[in-house]
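*Asks:* Take a look at the following structure, please.
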Amino acid sequence: MPLKGVRMKNKASVHAPISPSLLALYIDTLVMAIGFYMLVPILSVYFITHLGMSTALAGSIIAVSGLAQNGLRFFCGIAADRIGYKKTIMLGVGIRIAGFTLYGIVDNPAGYAMAAFISGLGGAIFHPASFGAYARTTSEQMKTKIFSIRETLSNVGFILGPVIGMFLLRLDFTLVCFSSAFMFFLAFLLSWILLPKMDGERIEKLDLIPIVKRIVKDKAFLGFCFLIAGVWTLNVQLYLSVPVRAEKLLDHVDSVAYLYMAGALFMVMFQIPVLQVLTKKIHQLKIMALGTFILGTSLLMFGFTIGFWLMLGVVLIFTLGQMLVVPTMNHLISKFSDSKSFATYFGFTGWSFAIGGFLGNTGGGFLHDFAKESPYSFVPWITLFLFGSIISIIFFKKGITRLQANMRVDGETNTAKEG
């Protein structure tokens, strides 16, 4: 009977209006996305074309941020579940303000690496708390849609951010950094004023050990994390491979901002309807396999594009892959978790993003530098395509049965525990 009652409550919440908590999270997401995309997508452009860094060095600096943000997310997720989501979000945003400000002050690779680490640390602190807040304020039936809306808002920031950033870059890189930091300062104020308290679960220290043991023993979840690392290796190529190709093919590398903007606009328009159709007909793990294959295929196509319009078409194909994998991945992570450890599970997957981001940025950088010095210019693109195909096949053939057998189906296990 308790289980039935909880299900009826969740069913009714599907059609409930947006709660004030969810609305506050949406606003926060949008503001931070604009600030983030004003700076981060143009870092590789600035490092490579303005400062003359090698692709490998630029990719390594960017990888520092990813390692810090994603490598520390697990511990930050545990902290978020304990001390509360609002406090954790505000702390992380404050640290990111310091990191983005430092980008505008330093003028050497070591300084940029330090700024990358600090800004990544800020993201490590507030990201799992943010996802945990979304999961806690959303019914199970609505999670895929809510995460899709979150990605849509993030991509509204992706539409505006790079264009604003490129415009400011023509004036001064420091202005870009300070403007991005100001957007996060605005997000800090909005979080303080609008977000509800969202206290932690008051987990005792000794209770953390069973949580960690449960995750480590969950072979299905660890397998899923392994696959996520592969997906993220492909995903980060948007910030590295696209500028590299644009520098070679386009008269003005600043045009990459318009490619990003077009991709984000495409995602905003089609993210929710595409996923709504697919989730009714295809299992979410198969959607992950399809999206990963599309990412790899689009990277192969990048290697053979000529001119702005063909690059635009391939960017849209790449964006389609992102539309499928990112919100679906977030929903699947929440299915492995329970209601008391959302941020912990989202945090643990940060190691997958750290590994994937490091491989994608540093490995991709070395591949592109190798291609410049040899007649085999197609090597990076072929390699990325084959890598994506392998991950997609593992998702579809070998991973899906085990994952389906061990995953909490539609949150019923969690619901039963709570009931």
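Just remember, in the structure tokens the first chain shown is A, the second B, etc., residues are 1-based per chain, and ligands are 1-based in the order shown.
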Using only C-alpha atoms, which protein or nucleic acid residues come within 12 Å of A:Cys225? Drop anything in the same chain fewer than 3 positions from it, and give the result as a PyMOL selection string.
*Replies:* chain A and resi 215-216+218-222+228-232+329-330+332-333+336+345-356+391+395+399+403
*Asks:* Got time to write the residues from that selection, N, CA and C atoms, as a short mmCIF file (atom, residue, chain, number, x, y, z; two decimals), in the first residue's frame?
*Replies:*
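In the end it all went to again-v4.cif:
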data_model
loop_
_atom_site.label_atom_id
_atom_site.label_comp_id
_atom_site.auth_asym_id
_atom_site.auth_seq_id
_atom_site.Cartn_x
_atom_site.Cartn_y
_atom_site.Cartn_z
N ILE A 215 28.98 1.58 -3.90
CA ILE A 215 29.31 2.03 -5.25
C ILE A 215 30.40 1.15 -5.85
N VAL A 216 31.44 0.88 -5.07
CA VAL A 216 32.57 0.09 -5.58
C VAL A 216 32.14 -1.33 -5.93
N ASP A 218 29.16 -2.15 -6.98
CA ASP A 218 28.13 -2.10 -8.02
C ASP A 218 28.80 -2.19 -9.39
N LYS A 219 29.01 -3.42 -9.87
CA LYS A 219 29.75 -3.62 -11.12
C LYS A 219 29.03 -3.01 -12.31
N ALA A 220 27.71 -3.03 -12.28
CA ALA A 220 26.96 -2.44 -13.39
C ALA A 220 27.20 -0.93 -13.47
N PHE A 221 27.18 -0.27 -12.31
CA PHE A 221 27.42 1.17 -12.28
C PHE A 221 28.85 1.49 -12.69
N LEU A 222 29.81 0.70 -12.23
CA LEU A 222 31.21 0.92 -12.62
C LEU A 222 31.39 0.73 -14.12
N ILE A 228 30.93 5.94 -19.88
CA ILE A 228 30.80 7.40 -19.85
C ILE A 228 32.14 8.06 -20.16
N ALA A 229 33.23 7.49 -19.64
CA ALA A 229 34.56 8.04 -19.92
C ALA A 229 34.82 8.07 -21.42
N GLY A 230 34.42 7.01 -22.11
CA GLY A 230 34.59 6.98 -23.56
C GLY A 230 33.74 8.02 -24.26
N VAL A 231 32.51 8.15 -23.81
CA VAL A 231 31.62 9.16 -24.40
C VAL A 231 32.19 10.56 -24.21
N TRP A 232 32.73 10.83 -23.02
CA TRP A 232 33.24 12.17 -22.73
C TRP A 232 34.53 12.47 -23.50
N MET A 329 22.17 10.31 -20.09
CA MET A 329 23.20 9.88 -19.14
C MET A 329 22.88 10.35 -17.73
N ASN A 330 22.45 11.59 -17.58
CA ASN A 330 22.14 12.11 -16.24
C ASN A 330 20.97 11.38 -15.60
N LEU A 332 20.11 8.25 -16.25
CA LEU A 332 20.56 6.91 -15.91
C LEU A 332 21.38 6.90 -14.62
N ILE A 333 22.19 7.93 -14.42
CA ILE A 333 22.96 8.02 -13.18
C ILE A 333 22.02 8.08 -11.98
N PHE A 336 20.69 4.71 -10.82
CA PHE A 336 21.56 3.88 -10.02
C PHE A 336 21.54 4.30 -8.55
N TYR A 345 26.53 9.97 -6.21
CA TYR A 345 26.63 9.21 -7.46
C TYR A 345 27.02 10.11 -8.63
N PHE A 346 26.41 11.29 -8.71
CA PHE A 346 26.81 12.22 -9.76
C PHE A 346 28.28 12.61 -9.58
N GLY A 347 28.70 12.73 -8.34
CA GLY A 347 30.09 13.07 -8.08
C GLY A 347 31.04 11.97 -8.50
N PHE A 348 30.66 10.71 -8.24
CA PHE A 348 31.52 9.59 -8.60
C PHE A 348 31.74 9.53 -10.11
N THR A 349 30.71 9.81 -10.87
CA THR A 349 30.85 9.79 -12.33
C THR A 349 31.80 10.88 -12.81
N GLY A 350 32.12 11.84 -11.93
CA GLY A 350 33.09 12.86 -12.30
C GLY A 350 34.43 12.26 -12.68
N TRP A 351 34.79 11.14 -12.07
CA TRP A 351 36.06 10.50 -12.45
C TRP A 351 36.01 10.02 -13.90
N SER A 352 34.83 9.61 -14.34
CA SER A 352 34.69 9.23 -15.75
C SER A 352 34.91 10.43 -16.65
N PHE A 353 34.33 11.56 -16.26
CA PHE A 353 34.51 12.78 -17.04
C PHE A 353 35.96 13.26 -16.99
N ALA A 354 36.61 13.08 -15.84
CA ALA A 354 38.02 13.49 -15.71
C ALA A 354 38.91 12.67 -16.64
N ILE A 355 38.70 11.35 -16.62
CA ILE A 355 39.50 10.48 -17.48
C ILE A 355 39.20 10.75 -18.95
N GLY A 356 37.90 10.84 -19.28
CA GLY A 356 37.52 11.10 -20.66
C GLY A 356 38.00 12.46 -21.14
N ILE A 391 32.99 2.14 -28.41
CA ILE A 391 32.20 2.44 -27.22
C ILE A 391 30.72 2.20 -27.49
N PHE A 395 28.30 -0.44 -25.55
CA PHE A 395 27.04 0.00 -24.96
C PHE A 395 25.90 -0.89 -25.39
N GLY A 399 27.13 -4.20 -22.79
CA GLY A 399 26.81 -3.50 -21.57
C GLY A 399 25.34 -3.47 -21.23
N LEU A 403 23.58 -3.97 -17.49
CA LEU A 403 23.13 -2.72 -16.90
C LEU A 403 21.63 -2.75 -16.62
#
*Asks:* Tell me, as a list in words, which residues lie within 12 Å of A:Lys87, counting only C-alpha atoms; anything in the same chain fewer than 6 positions away does not count.
*Replies:*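 That gives Cys76, Ala79, Ala80, Asp81, Val93, Gly94, Ile125, Phe126, Ala129, Ser130, Ala133, Phe188, Ser191, Trp192, Ile193, Leu195, Pro196, Lys197, Met198, Asp199 and Gly200 of chain A.
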*Asks:* Based on the selection just made, write C-alpha atoms of those residues as an mmCIF file, in the first residue's frame.
*Replies:*
data_model
loop_
_atom_site.group_PDB
_atom_site.id
_atom_site.type_symbol
_atom_site.label_atom_id
_atom_site.label_comp_id
_atom_site.auth_asym_id
_atom_site.auth_seq_id
_atom_site.Cartn_x
_atom_site.Cartn_y
_atom_site.Cartn_z
ATOM 1 C CA CYS A 76 32.388 17.095 -3.316
ATOM 2 C CA ALA A 79 30.003 16.733 1.021
ATOM 3 C CA ALA A 80 26.991 18.166 -0.809
ATOM 4 C CA ASP A 81 24.718 15.350 0.377
ATOM 5 C CA VAL A 93 30.410 29.341 -7.499
ATOM 6 C CA GLY A 94 32.548 31.587 -5.289
ATOM 7 C CA ILE A 125 31.991 21.607 -5.724
ATOM 8 C CA PHE A 126 28.788 23.010 -7.226
ATOM 9 C CA ALA A 129 25.107 19.648 -5.728
ATOM 10 C CA SER A 130 23.232 21.220 -8.628
ATOM 11 C CA ALA A 133 19.096 19.500 -6.278
ATOM 12 C CA PHE A 188 26.095 33.602 -6.505
ATOM 13 C CA SER A 191 21.595 31.301 -5.472
ATOM 14 C CA TRP A 192 21.706 33.120 -2.152
ATOM 15 C CA ILE A 193 18.358 34.850 -2.731
ATOM 16 C CA LEU A 195 17.438 28.800 -3.869
ATOM 17 C CA PRO A 196 15.700 27.054 -0.970
ATOM 18 C CA LYS A 197 17.821 25.841 1.928
ATOM 19 C CA MET A 198 17.966 22.150 0.873
ATOM 20 C CA ASP A 199 19.606 20.826 4.035
ATOM 21 C CA GLY A 200 21.791 17.750 3.815
#
*Asks:* Write out, as CSV, each residue of stretch 188-283 of chain A that has an atom at most 12 Å from stretch 51-69 of chain A, together with the closest pair of atoms and their distance in Å to one decimal, counting only C-alpha atoms, rows going by chain and rising number.
*Replies:*
residue,atom,partner,partner_atom,distance
A:Trp232,CA,A:Gly66,CA,10.7
A:Thr233,CA,A:Ala63,CA,11.1
A:Val236,CA,A:Ala63,CA,9.6
A:Gln237,CA,A:Gly59,CA,10.0
A:Leu238,CA,A:Gly59,CA,11.9
A:Tyr239,CA,A:Gly59,CA,9.2
A:Leu240,CA,A:Gly59,CA,7.1
A:Ser241,CA,A:Thr55,CA,9.5
A:Val242,CA,A:Thr55,CA,11.9
A:Pro243,CA,A:Thr55,CA,10.0
A:Val244,CA,A:Thr55,CA,7.9
A:Arg245,CA,A:Thr55,CA,11.5
A:Glu247,CA,A:Thr55,CA,11.4
*Asks:* Quick one: residues within 12 Å of A:Leu310, only C-alpha atoms counted, chain neighbours fewer than 3 positions away excluded, as number ranges by chain?
*Replies:* A: 245-246, 249-250, 259, 298, 301-307, 313-317
*Asks:* Set the distance at 8 Å and use only C-alpha atoms: which residues neighbour stretch 281-287 of chain A once local chain neighbours fewer than 5 positions away are removed? I'd like the list as a ChimeraX atom specification.
*Replies:* /A:324-325,328,332,395-396,400
